[in-house]
>>> print(open('target.txt').read())   # compact mmCIF, C-alpha atoms
# COMPACT_ATOMS: atom_id res chain seq x y z
CA MET A 1 -24.68 32.33 43.36
CA SER A 2 -21.79 30.18 42.22
CA LYS A 3 -22.74 26.61 41.37
CA GLU A 4 -19.41 25.39 42.75
CA ASP A 5 -19.94 27.10 46.16
CA LEU A 6 -23.58 26.10 46.66
CA PRO A 7 -23.16 22.33 47.31
CA THR A 8 -20.37 23.03 49.79
CA LEU A 9 -22.37 25.69 51.56
CA LEU A 10 -25.52 23.57 51.88
CA SER A 11 -23.75 20.41 53.03
CA PRO A 12 -24.74 19.20 56.50
CA GLY A 13 -21.27 19.60 57.98
CA ARG A 14 -20.61 23.04 56.52
CA PHE A 15 -20.92 24.85 59.87
CA PRO A 16 -20.27 23.55 63.41
CA ARG A 17 -23.28 23.26 65.66
CA GLU A 18 -22.15 26.12 67.89
CA VAL A 19 -22.17 28.60 65.00
CA PRO A 20 -25.36 30.73 65.32
CA THR A 21 -27.93 30.76 62.55
CA THR A 22 -27.57 34.49 61.96
CA ARG A 23 -23.91 34.04 61.08
CA GLN A 24 -24.72 31.21 58.70
CA LEU A 25 -27.29 33.38 56.93
CA LEU A 26 -24.80 36.21 56.69
CA VAL A 27 -22.47 33.86 54.83
CA PHE A 28 -25.25 32.73 52.46
CA GLN A 29 -26.62 36.19 51.57
CA PRO A 30 -23.53 37.58 49.69
CA LEU A 31 -23.51 34.50 47.48
CA THR A 32 -26.78 35.48 45.83
CA ALA A 33 -26.42 37.59 42.71
CA ALA A 34 -27.75 41.14 42.80
CA ALA A 35 -31.37 41.49 41.62
CA SER A 36 -31.54 37.75 41.03
CA PRO A 37 -34.48 35.44 41.94
CA ALA A 38 -32.33 33.99 44.73
CA GLU A 39 -31.79 37.41 46.33
CA THR A 40 -35.50 38.24 46.05
CA TRP A 41 -36.43 34.91 47.61
CA PHE A 42 -33.97 35.38 50.48
CA THR A 43 -35.23 38.90 51.16
CA ASN A 44 -38.92 37.83 51.25
CA LEU A 45 -38.25 34.70 53.31
CA GLY A 46 -40.13 34.70 56.60
CA ALA A 47 -38.43 35.01 59.96
CA ALA A 48 -39.61 31.53 61.00
CA ASP A 49 -37.66 29.94 58.12
CA LYS A 50 -34.61 31.97 59.12
CA SER A 51 -34.78 31.00 62.77
CA SER A 52 -32.60 27.89 62.26
CA TRP A 53 -30.30 26.56 59.62
CA VAL A 54 -32.32 23.34 59.26
CA LEU A 55 -35.53 25.23 58.51
CA PHE A 56 -33.67 27.51 56.12
CA LEU A 57 -32.30 24.51 54.16
CA ALA A 58 -35.77 22.95 54.01
CA ALA A 59 -37.24 26.17 52.58
CA PHE A 60 -34.39 26.38 50.09
CA ARG A 61 -34.91 22.78 48.88
CA THR A 62 -38.59 23.46 48.49
CA ARG A 63 -37.91 26.47 46.30
CA TRP A 64 -35.05 24.86 44.35
CA PRO A 65 -35.31 21.08 44.44
CA LYS A 66 -32.49 18.87 43.19
CA PRO A 67 -32.62 18.18 39.44
CA VAL A 68 -33.81 14.76 38.46
CA GLU A 69 -30.94 12.64 37.16
CA VAL A 70 -31.74 11.07 33.79
CA THR A 71 -30.33 7.59 33.23
CA LEU A 72 -29.17 7.16 29.67
CA THR A 73 -29.77 3.93 27.81
CA VAL A 74 -26.96 2.06 26.08
CA ALA A 75 -28.12 3.33 22.70
CA GLN A 76 -28.10 6.93 23.95
CA LYS A 77 -24.60 6.50 25.33
CA LYS A 78 -23.41 5.17 21.98
CA ASP A 79 -24.99 8.15 20.22
CA ARG A 80 -23.17 10.51 22.56
CA ILE A 81 -19.87 8.73 21.79
CA ARG A 82 -20.49 8.90 18.04
CA SER A 83 -21.05 12.66 18.30
CA LEU A 84 -17.33 13.06 19.07
CA VAL A 85 -16.16 13.02 15.45
CA LEU A 86 -12.47 12.98 14.53
CA LYS A 87 -11.92 14.85 11.25
CA ASP A 88 -9.30 13.67 8.77
CA GLU A 89 -7.70 17.09 8.64
CA ASP A 90 -7.12 17.01 12.43
CA ILE A 91 -5.18 13.72 12.37
CA GLY A 92 -1.45 14.28 12.81
CA VAL A 93 -1.92 18.05 13.15
CA MET A 94 -0.94 20.09 16.21
CA ILE A 95 -3.94 22.02 17.57
CA GLU A 96 -3.55 24.95 19.94
CA GLU A 97 -6.27 25.84 22.43
CA ASP A 98 -6.56 27.97 25.55
CA ARG A 99 -5.53 25.09 27.78
CA GLY A 100 -2.46 24.13 25.73
CA ARG A 101 -1.50 22.42 22.51
CA ASP A 102 -1.66 18.78 21.50
CA TRP A 103 -2.15 16.56 18.47
CA GLY A 104 -5.68 16.55 17.10
CA HIS A 105 -6.11 12.77 17.33
CA VAL A 106 -4.76 12.75 20.91
CA LYS A 107 -7.25 15.43 21.98
CA TRP A 108 -10.05 13.38 20.44
CA ALA A 109 -8.95 10.26 22.33
CA LYS A 110 -8.97 12.13 25.64
CA LYS A 111 -12.49 13.45 25.05
CA VAL A 112 -13.75 9.98 24.18
CA SER A 113 -12.09 8.51 27.27
CA ARG A 114 -13.58 11.13 29.62
CA MET A 115 -17.08 10.69 28.22
CA ALA A 116 -16.92 6.91 28.40
CA GLN A 117 -15.71 7.00 31.99
CA GLY A 118 -18.49 9.47 32.78
CA PHE A 119 -20.89 6.71 31.66
CA ASN A 120 -19.23 4.40 34.24
CA ASP A 121 -17.73 2.32 31.44
CA THR A 122 -14.52 1.18 33.11
CA GLN A 123 -13.97 -1.94 30.96
CA CYS A 124 -14.17 -0.38 27.47
CA HIS A 125 -17.58 -1.80 26.56
CA LEU A 126 -18.15 1.16 24.23
CA LEU A 127 -14.85 0.62 22.39
CA ASP A 128 -16.53 -1.00 19.37
CA VAL A 129 -18.53 2.20 18.76
CA VAL A 130 -15.37 4.30 18.98
CA LEU A 131 -13.44 2.11 16.52
CA GLU A 132 -16.35 2.10 14.05
CA SER A 133 -16.24 5.89 13.78
CA THR A 134 -12.43 6.13 13.79
CA PRO A 135 -10.99 7.22 10.40
CA GLU A 136 -9.11 4.53 8.49
CA VAL A 137 -5.84 6.47 8.69
CA LEU A 138 -5.72 6.04 12.47
CA ARG A 139 -7.71 2.81 12.73
CA ASP A 140 -4.93 0.71 11.20
CA PHE A 141 -2.59 1.58 14.09
CA LEU A 142 -5.05 0.65 16.89
CA SER A 143 -5.88 -2.67 18.48
CA ASP A 144 -9.30 -4.29 18.63
CA HIS A 145 -9.31 -4.72 22.41
CA TYR A 146 -8.19 -2.58 25.35
CA ALA A 147 -8.47 -3.33 29.07
CA THR A 148 -8.88 0.31 30.14
CA TRP A 149 -9.48 3.65 28.49
CA ALA A 150 -6.05 4.74 29.71
CA ASP A 151 -4.53 2.05 27.49
CA PHE A 152 -6.58 3.38 24.57
CA GLU A 153 -5.30 6.93 25.13
CA ALA A 154 -1.70 5.72 25.38
CA ASP A 155 -1.97 3.70 22.17
CA VAL A 156 -3.35 6.68 20.24
CA ALA A 157 -0.65 8.98 21.59
CA LYS A 158 2.02 6.47 20.57
CA VAL A 159 1.27 6.87 16.84
CA SER A 160 3.71 9.40 15.37
CA ALA A 161 2.85 12.15 12.93
CA SER A 162 5.21 10.70 10.29
CA GLN A 163 3.41 7.36 10.37
CA LEU A 164 0.07 9.07 9.95
CA GLY A 165 1.42 11.17 7.06
CA LYS A 166 2.60 8.07 5.18
CA ALA A 167 -0.73 6.37 5.84
CA LYS A 168 -2.57 9.37 4.38
CA GLN A 169 -0.46 9.22 1.22
CA ARG A 170 -1.07 5.49 0.85
CA LEU A 171 -4.81 5.87 1.25
CA ALA A 172 -4.85 8.73 -1.26
CA LEU A 173 -3.10 6.54 -3.84
CA ASP A 174 -5.50 3.66 -3.15
CA ARG A 175 -8.46 5.98 -3.51
CA LYS A 176 -7.15 7.31 -6.83
CA LEU A 177 -6.58 3.75 -8.07
CA ARG A 178 -10.13 2.77 -7.19
CA GLU A 179 -11.45 5.84 -8.99
CA ASP A 180 -9.45 4.95 -12.11
CA VAL A 181 -10.74 1.38 -12.02
CA ASP A 182 -14.33 2.57 -11.59
CA ARG A 183 -13.91 4.97 -14.51
CA LEU A 184 -12.55 2.23 -16.77
CA GLN A 185 -15.34 -0.13 -15.76
CA GLY A 186 -17.86 2.58 -16.57
CA GLN A 187 -16.33 3.07 -20.01
CA VAL A 188 -16.46 -0.67 -20.72
CA SER A 189 -20.06 -0.81 -19.53
CA ASN A 190 -21.01 2.08 -21.81
CA GLN A 191 -19.36 0.41 -24.79
CA ARG A 192 -21.32 -2.76 -24.13
CA LYS A 193 -24.58 -0.85 -23.87
CA ASN A 194 -23.85 1.23 -26.99
CA PRO A 195 -22.03 -1.03 -29.50
CA PRO A 196 -20.59 0.57 -32.68
CA SER A 197 -23.00 0.92 -35.59
CA ALA A 198 -22.85 -1.09 -38.84
CA SER A 199 -21.40 1.89 -40.73
CA GLN A 200 -18.52 2.11 -38.26
CA ASN A 201 -17.83 -1.61 -38.64
CA ALA A 202 -17.87 -1.26 -42.44
CA GLN A 203 -15.16 1.37 -42.26
CA THR A 204 -12.75 -1.09 -40.72
CA SER A 205 -10.86 -2.78 -43.55
CA TYR A 206 -10.13 -6.48 -43.21
CA ILE A 207 -6.56 -7.54 -44.01
CA PRO A 208 -6.43 -11.29 -44.71
CA PRO A 209 -3.44 -13.26 -43.39
CA SER A 210 -0.60 -14.20 -45.71
CA ALA A 211 -1.09 -17.41 -47.70
CA TYR A 212 2.42 -18.60 -46.89
CA ARG A 213 4.50 -18.48 -43.73
CA TYR A 214 8.24 -18.89 -43.82
CA GLY A 215 10.29 -20.58 -41.14
CA TYR A 216 13.72 -19.40 -40.01
CA ARG A 217 16.75 -21.12 -38.68
CA TYR A 218 17.85 -20.58 -35.08
CA GLY A 219 19.74 -17.37 -34.60
CA THR A 220 18.16 -15.48 -37.51
CA GLY A 221 15.34 -13.08 -36.88
CA PRO A 222 12.38 -12.56 -39.22
CA SER A 223 12.96 -10.17 -42.06
CA ALA A 224 10.51 -7.67 -43.45
CA THR A 225 7.11 -8.88 -44.67
CA PRO A 226 7.46 -10.39 -48.18
CA GLN A 227 6.08 -8.15 -50.90
CA PRO A 228 4.71 -9.39 -54.27
CA GLN A 229 7.35 -9.33 -57.01
CA PRO A 230 6.81 -9.14 -60.77
CA ALA A 231 6.84 -12.46 -62.65
CA ALA A 232 10.33 -13.53 -63.69
CA PRO A 233 11.01 -14.51 -67.34
CA THR A 234 10.90 -18.16 -68.33
CA GLN A 235 14.06 -20.00 -67.28
CA PRO A 236 15.62 -23.09 -68.88
CA ALA A 237 14.67 -26.50 -67.54
CA PHE A 238 15.58 -27.07 -63.89
CA PRO A 239 17.60 -23.96 -63.20
CA THR A 240 19.29 -23.63 -59.82
CA THR A 241 18.75 -20.32 -58.02
CA SER A 242 19.77 -19.08 -54.53
CA PHE A 243 17.31 -17.23 -52.24
CA GLN A 244 17.37 -16.03 -48.68
CA ASN A 245 13.61 -15.50 -48.55
CA PRO A 246 12.11 -16.90 -51.74
CA GLN A 247 9.20 -15.04 -53.26
CA ILE A 248 6.59 -17.00 -55.25
CA PRO A 249 5.03 -14.96 -58.08
CA ALA A 250 1.30 -14.81 -57.70
CA ALA A 251 0.68 -15.38 -61.42
CA VAL A 252 2.43 -18.80 -61.56
CA PRO A 253 0.14 -21.62 -60.33
CA GLN A 254 2.79 -23.78 -58.75
CA THR A 255 3.21 -25.38 -55.36
CA PRO A 256 5.37 -23.25 -53.05
CA HIS A 257 8.40 -24.79 -51.42
CA THR A 258 8.85 -23.68 -47.79
CA PRO A 259 12.52 -23.06 -46.96
CA GLN A 260 12.15 -24.76 -43.57
CA ALA A 261 9.13 -25.72 -41.50
CA ALA A 262 8.55 -23.66 -38.37
CA ASN A 263 9.54 -25.43 -35.15
CA PRO A 264 6.36 -25.77 -33.04
CA PHE A 265 8.41 -26.21 -29.84
CA ALA A 266 10.68 -23.19 -30.29
CA PRO A 267 10.19 -20.34 -27.73
CA ALA A 268 9.14 -16.84 -28.74
CA ALA A 269 12.66 -15.47 -28.23
CA PRO A 270 15.40 -16.78 -30.56
CA ILE A 271 17.93 -19.13 -29.01
CA THR A 272 21.34 -20.26 -30.15
CA ARG A 273 21.79 -23.66 -28.50
CA GLY A 274 21.15 -26.92 -30.30
CA ASN A 275 18.88 -28.41 -27.62
CA LEU A 276 15.32 -28.05 -28.89
CA PHE A 277 13.81 -27.84 -25.40
CA TYR A 278 16.49 -25.66 -23.78
CA GLY A 279 14.31 -22.56 -23.77
CA TYR A 280 11.71 -24.32 -21.58
CA ARG A 281 13.97 -25.04 -18.64
CA GLY A 282 13.16 -23.26 -15.39
CA TYR A 283 15.58 -20.70 -14.05
CA PRO A 284 18.19 -22.27 -11.77
CA GLN A 285 18.67 -20.91 -8.31
CA THR A 286 22.15 -19.73 -9.31
CA PRO A 287 22.65 -18.78 -13.00
CA THR A 288 25.31 -20.55 -15.04
CA ARG A 289 27.88 -18.73 -17.14
CA ALA A 290 26.63 -20.14 -20.43
CA ARG A 291 23.51 -18.03 -20.86
CA GLY A 292 22.15 -14.55 -20.34
CA GLY A 293 24.64 -12.41 -22.27
CA SER A 294 28.21 -11.31 -21.66
CA PRO A 295 29.35 -9.82 -18.31
CA ALA A 296 29.49 -6.36 -19.89
CA ASP A 297 25.91 -6.68 -21.17
CA ARG A 298 24.66 -7.95 -17.81
CA ALA A 299 26.39 -5.12 -15.94
CA ARG A 300 24.91 -2.58 -18.34
CA VAL A 301 21.34 -3.87 -17.84
CA ALA A 302 21.80 -4.43 -14.09
CA ALA A 303 22.77 -0.77 -13.65
CA HIS A 304 19.08 0.14 -14.10
CA TYR A 305 18.26 -1.77 -10.89
CA ALA A 306 21.30 -0.75 -8.80
CA THR A 307 19.69 2.43 -7.51
CA ILE A 308 21.04 2.27 -3.95
CA THR A 309 24.64 2.46 -2.78
CA HIS A 310 26.58 -0.80 -2.41
CA HIS A 311 28.97 0.06 0.46
CA PRO A 312 32.54 -1.30 0.62
CA ASP A 313 33.62 -4.05 3.01
CA THR A 314 34.96 -1.69 5.67
CA GLU A 315 33.87 -0.83 9.18
CA ALA A 316 32.25 2.40 7.98
CA GLY A 317 30.65 0.56 5.07
CA LYS A 318 29.18 -2.09 7.37
CA GLN A 319 27.71 0.57 9.65
CA ALA A 320 26.16 2.35 6.67
CA TYR A 321 24.79 -0.98 5.40
CA ASP A 322 23.20 -1.75 8.80
CA GLN A 323 21.49 1.65 8.71
CA GLN A 324 20.25 0.95 5.17
CA VAL A 325 18.70 -2.35 6.31
CA ARG A 326 17.03 -0.76 9.34
CA ASP A 327 15.59 2.05 7.23
CA TRP A 328 14.32 -0.42 4.61
CA HIS A 329 12.49 -2.59 7.15
CA THR A 330 11.10 0.45 8.94
CA GLN A 331 9.69 1.84 5.70
CA HIS A 332 8.46 -1.39 4.05
CA GLY A 333 8.03 -3.90 6.90
CA ALA A 334 9.87 -7.03 8.02
CA GLU A 335 8.04 -9.36 5.62
CA ALA A 336 8.05 -7.14 2.51
CA ILE A 337 9.36 -8.54 -0.79
CA PRO A 338 11.88 -6.39 -2.73
CA ASN A 339 11.06 -5.15 -6.20
CA SER A 340 12.20 -2.46 -8.64
CA GLN A 341 10.39 0.21 -6.60
CA ARG A 342 12.00 -0.83 -3.30
CA PRO A 343 15.44 -2.43 -4.01
CA TYR A 344 17.11 -4.18 -1.08
CA PRO A 345 20.57 -3.11 0.17
CA LEU A 346 23.51 -5.35 -0.78
CA LYS A 347 25.81 -6.71 1.93
CA PRO A 348 29.36 -5.28 1.91
CA GLY A 349 31.93 -7.70 0.51
CA THR A 350 29.48 -9.35 -1.90
CA SER A 351 29.57 -9.21 -5.69
CA PRO A 352 27.56 -6.70 -7.72
CA ILE A 353 24.01 -7.59 -8.53
CA ALA A 354 23.33 -9.76 -11.63
CA SER A 355 27.02 -10.76 -11.89
CA ARG A 356 26.20 -14.50 -11.96
CA GLU A 357 26.71 -14.59 -8.23
CA CYS A 358 25.39 -17.24 -5.84
CA PHE A 359 22.05 -16.08 -4.47
CA ASN A 360 22.77 -17.66 -1.07
CA CYS A 361 26.01 -15.79 -0.28
CA GLY A 362 26.00 -13.09 -2.99
CA ILE A 363 29.53 -13.93 -4.16
CA ALA A 364 30.51 -14.83 -7.73
CA THR A 365 33.19 -17.53 -7.87
CA MET A 366 35.05 -19.30 -10.65
CA PRO A 367 33.95 -21.90 -11.29
CA PRO A 368 30.45 -20.89 -10.13
CA HIS A 369 28.82 -22.84 -7.31
CA GLN A 370 25.18 -23.57 -6.57
CA ALA A 371 23.23 -22.31 -3.57
CA TYR A 372 22.55 -25.77 -2.19
CA ASP A 373 26.30 -26.45 -1.67
CA CYS A 374 27.33 -22.87 -0.87
CA PRO A 375 30.17 -22.85 1.72
CA ASN A 376 29.83 -19.17 2.63
CA ALA A 377 27.64 -17.35 5.15
CA PRO A 378 24.19 -16.57 3.73
CA VAL A 379 22.90 -13.05 3.09
CA PRO A 380 19.47 -11.90 4.39
CA GLN A 381 16.42 -13.53 2.84
CA GLN A 382 15.24 -10.31 1.16
CA GLU A 383 18.67 -9.87 -0.45
CA LYS A 384 18.46 -13.43 -1.85
CA GLN A 385 15.07 -12.62 -3.35
CA TRP A 386 16.30 -9.31 -4.77
CA ARG A 387 19.40 -10.85 -6.38
CA GLU A 388 17.36 -13.67 -7.92
CA THR A 389 14.74 -11.21 -9.21
CA VAL A 390 17.27 -8.89 -10.87
CA SER A 391 19.17 -11.84 -12.39
CA ARG A 392 15.93 -13.12 -13.91
CA LEU A 393 14.99 -9.67 -15.23
CA VAL A 394 18.44 -9.12 -16.75
CA SER A 395 18.42 -12.54 -18.42
CA ARG A 396 14.98 -11.96 -19.86
CA SER A 397 15.91 -8.48 -21.06
CA LEU A 398 18.98 -9.76 -22.89
CA ALA A 399 17.12 -12.76 -24.30
CA SER A 400 14.36 -10.53 -25.71
CA VAL A 401 16.83 -8.51 -27.84
CA PRO A 402 16.91 -9.93 -31.42
CA MET A 403 20.29 -11.46 -32.15
CA ALA A 404 21.74 -10.81 -35.59
CA GLY A 405 22.53 -14.08 -37.37
CA THR A 406 24.13 -15.00 -40.67
CA PRO A 407 21.53 -15.53 -43.44
CA THR A 408 21.32 -19.13 -44.58
CA ASN A 409 21.10 -19.64 -48.34
CA VAL A 410 18.64 -22.32 -49.40
CA GLN A 411 18.56 -23.67 -52.96
CA PHE A 412 15.28 -24.41 -54.72
CA VAL A 413 14.68 -26.21 -57.99
CA ALA A 414 12.11 -24.50 -60.19
CA PRO A 415 9.97 -26.71 -62.48
CA ALA A 416 10.69 -26.35 -66.22
CA THR A 417 8.18 -24.69 -68.51
CA GLY A 418 7.99 -24.62 -72.34
CA PRO A 419 9.02 -27.13 -75.00
CA GLN A 420 12.11 -28.36 -73.16
CA ALA A 421 9.92 -29.86 -70.41
CA ASN A 422 8.54 -32.43 -72.89
CA ALA A 423 11.83 -33.37 -74.46
>>> encode(input="target.txt", output="structure tokens")
Amino acid sequence: MSKEDLPTLLSPGRFPREVPTTRQLLVFQPLTAAASPAETWFTNLGAADKSSWVLFLAAFRTRWPKPVEVTLTVAQKKDRIRSLVLKDEDIGVMIEEDRGRDWGHVKWAKKVSRMAQGFNDTQCHLLDVVLESTPEVLRDFLSDHYATWADFEADVAKVSASQLGKAKQRLALDRKLREDVDRLQGQVSNQRKNPPSASQNAQTSYIPPSAYRYGYRYGTGPSATPQPQPAAPTQPAFPTTSFQNPQIPAAVPQTPHTPQAANPFAPAAPITRGNLFYGYRGYPQTPTRARGGSPADRARVAAHYATITHHPDTEAGKQAYDQQVRDWHTQHGAEAIPNSQRPYPLKPGTSPIASRECFNCGIATMPPHQAYDCPNAPVPQQEKQWRETVSRLVSRSLASVPMAGTPTNVQFVAPATGPQANA
């Protein structure tokens, strides 16, 4: 007997009152399966129970009573919801079944919604359980609250496969980074637990620092490390000799004369201006033309950061620029900060990057103007940040290159030795 036909057949209003009982029984008998318990029961049923439809239904309910409905507790309902697991490999993947094809995460959302509504949860009280078991790839695109399960299904279906693919790549990189950090921490921990032995420490030779340190004038870089020289022959009293980097023989016990004391306030990179504290100034909002290398040098270094097309100031160029900006914000977000891995598009009609341009308008003028009194229309905020970042990187790159200077000759007076010293 079909389970779908039985409730309809046994309903009180299934047959009109004028329909005879024999006809009703004739309708019921073919619904029993051949050689089944139902057919055997119907065949052995007494004539008294078949005399009326009411008595027949009573005998049927006695033989097959209604199943007892079990009321699930809240914990059991949550366990049932948790059993609907969404696998990572099914997220963003089209799955084909007998009833059609759909995205794997969308099919999962529909199953969760149907089960929750079957528990009479119309206000998403079981949503917290669903979100706890949702993979992180999909969880980042969902909200924390939904009014109905239909809203939950719609929000899941709204997430595109491309967004989920990018999220998977990002999580894979984060997972690899965490693994690398854990591995390095384990290596450091093992080194602390097992320090090197005394024999290993003895193998490391100690090189004492040099007894003398020579200072250099601005614009001249340090030369090679001074090497010991053989003792020079005795010179007449008070000879005058010229050295670029004087070498003091180790065998002569005399006080060394330092060519020039090292400047304690000088920056690490050599500078060429006379102001002692010039290297400690902060970077201005718009660079001046007096520092940071020549225009050719700046253009050469800036070419490493100009990895995206700077379109001309034409109608087609402006349309291409607008598309660049939309793609950039779609990929990185509206509040993202540009860097060397994600350079920001440059507005058509502006000057090239790192050309000593104004960061507010992106235009280099002569004489240069500052951003606070810029008369031109400003560029987007991310472009300001990108121009300022590249200008700073180019200036630092050029400043870190040692500048060849002219050696400065310094005269030293050597003390006299021998009989002439007492004359």
>>> residues_around(input="target.txt", residues="range 127-136 of chain A", least_positions_apart="3", cutoff="7 Å", atoms="all atoms listed in the file", output="VMD selection string")
chain A and resid 78 81 to 82 86 88 124 139 to 140
>>> residues_around(input="target.txt", residues="Lys384 in chain A", least_positions_apart="4", cutoff="9 Å", atoms="only C-alpha atoms", output="PyMOL selection string")
chain A and resi 358-362+378-380+388-389
>>> residues_around(input="target.txt", residues="range 38-50 of chain A", least_positions_apart="4", cutoff="10 Å", atoms="all atoms listed in the file", output="list in words")
Met1, Thr21, Thr22, Gln24, Leu25, Phe28, Gln29, Pro30, Leu31, Thr32, Ala33, Ala34, Val54, Leu55, Phe56, Leu57, Ala58, Ala59, Phe60, Arg63 and Trp64 of chain A
>>> closest_residue(input="target.txt", among="A:Arg192, A:Gln187, A:Val70, A:Gln341", to="His304 in chain A", atoms="all atoms listed in the file")
A:Gln341
>>> closest_residue(input="target.txt", among="A:Asp102, A:His311, A:Leu126, A:Lys107", to="Gln76 in chain A", atoms="all atoms listed in the file")
A:Leu126
>>> atom_distance(input="target.txt", atom1="CA of Ala154 in chain A", atom2="CA of Asp79 in chain A")
24.0 Å
>>> atom_distance(input="target.txt", atom1="CA of Glu357 in chain A", atom2="CA of Tyr321 in chain A")
19.4 Å
>>> decode(input="target.txt", residues="range 103-109 of chain A", atoms="all heavy atoms", output="compact mmCIF listing (two decimals), in the first residue's frame")
# COMPACT_ATOMS: atom_id res chain seq x y z
N TRP A 103 25.26 24.99 -7.21
CA TRP A 103 26.52 25.12 -6.47
C TRP A 103 26.45 24.33 -5.17
O TRP A 103 25.40 24.25 -4.55
CB TRP A 103 26.81 26.58 -6.17
CG TRP A 103 26.97 27.44 -7.39
CD1 TRP A 103 26.09 28.34 -7.87
CD2 TRP A 103 28.10 27.46 -8.27
NE1 TRP A 103 26.57 28.94 -9.01
CE2 TRP A 103 27.82 28.41 -9.28
CE3 TRP A 103 29.30 26.77 -8.31
CZ2 TRP A 103 28.71 28.69 -10.31
CZ3 TRP A 103 30.20 27.04 -9.34
CH2 TRP A 103 29.90 27.99 -10.33
N GLY A 104 27.59 23.76 -4.78
CA GLY A 104 27.60 22.92 -3.58
C GLY A 104 27.20 23.67 -2.33
O GLY A 104 26.44 23.15 -1.50
N HIS A 105 27.66 24.92 -2.16
CA HIS A 105 27.31 25.66 -0.95
C HIS A 105 25.85 26.10 -0.97
O HIS A 105 25.23 26.23 0.08
CB HIS A 105 28.23 26.88 -0.80
CG HIS A 105 28.23 27.80 -1.99
ND1 HIS A 105 28.93 27.53 -3.14
CD2 HIS A 105 27.62 28.99 -2.19
CE1 HIS A 105 28.76 28.51 -4.00
NE2 HIS A 105 27.97 29.41 -3.47
N VAL A 106 25.27 26.29 -2.17
CA VAL A 106 23.85 26.65 -2.25
C VAL A 106 22.97 25.46 -1.89
O VAL A 106 21.96 25.60 -1.19
CB VAL A 106 23.53 27.19 -3.65
CG1 VAL A 106 22.04 27.49 -3.78
CG2 VAL A 106 24.35 28.44 -3.95
N LYS A 107 23.35 24.25 -2.36
CA LYS A 107 22.60 23.05 -1.99
C LYS A 107 22.63 22.84 -0.47
O LYS A 107 21.61 22.48 0.14
CB LYS A 107 23.19 21.82 -2.70
CG LYS A 107 22.84 21.72 -4.17
CD LYS A 107 23.45 20.46 -4.77
CE LYS A 107 22.97 20.25 -6.19
NZ LYS A 107 21.53 19.90 -6.24
N TRP A 108 23.78 23.06 0.12
CA TRP A 108 23.89 22.91 1.58
C TRP A 108 22.98 23.91 2.30
O TRP A 108 22.32 23.55 3.28
CB TRP A 108 25.34 23.12 1.98
CG TRP A 108 25.55 23.29 3.44
CD1 TRP A 108 25.62 22.31 4.39
CD2 TRP A 108 25.72 24.53 4.14
NE1 TRP A 108 25.81 22.85 5.63
CE2 TRP A 108 25.88 24.21 5.50
CE3 TRP A 108 25.74 25.86 3.74
CZ2 TRP A 108 26.06 25.20 6.47
CZ3 TRP A 108 25.93 26.84 4.70
CH2 TRP A 108 26.09 26.51 6.05
N ALA A 109 22.93 25.13 1.84
CA ALA A 109 22.07 26.14 2.48
C ALA A 109 20.59 25.76 2.39
O ALA A 109 19.83 25.97 3.34
CB ALA A 109 22.32 27.50 1.85
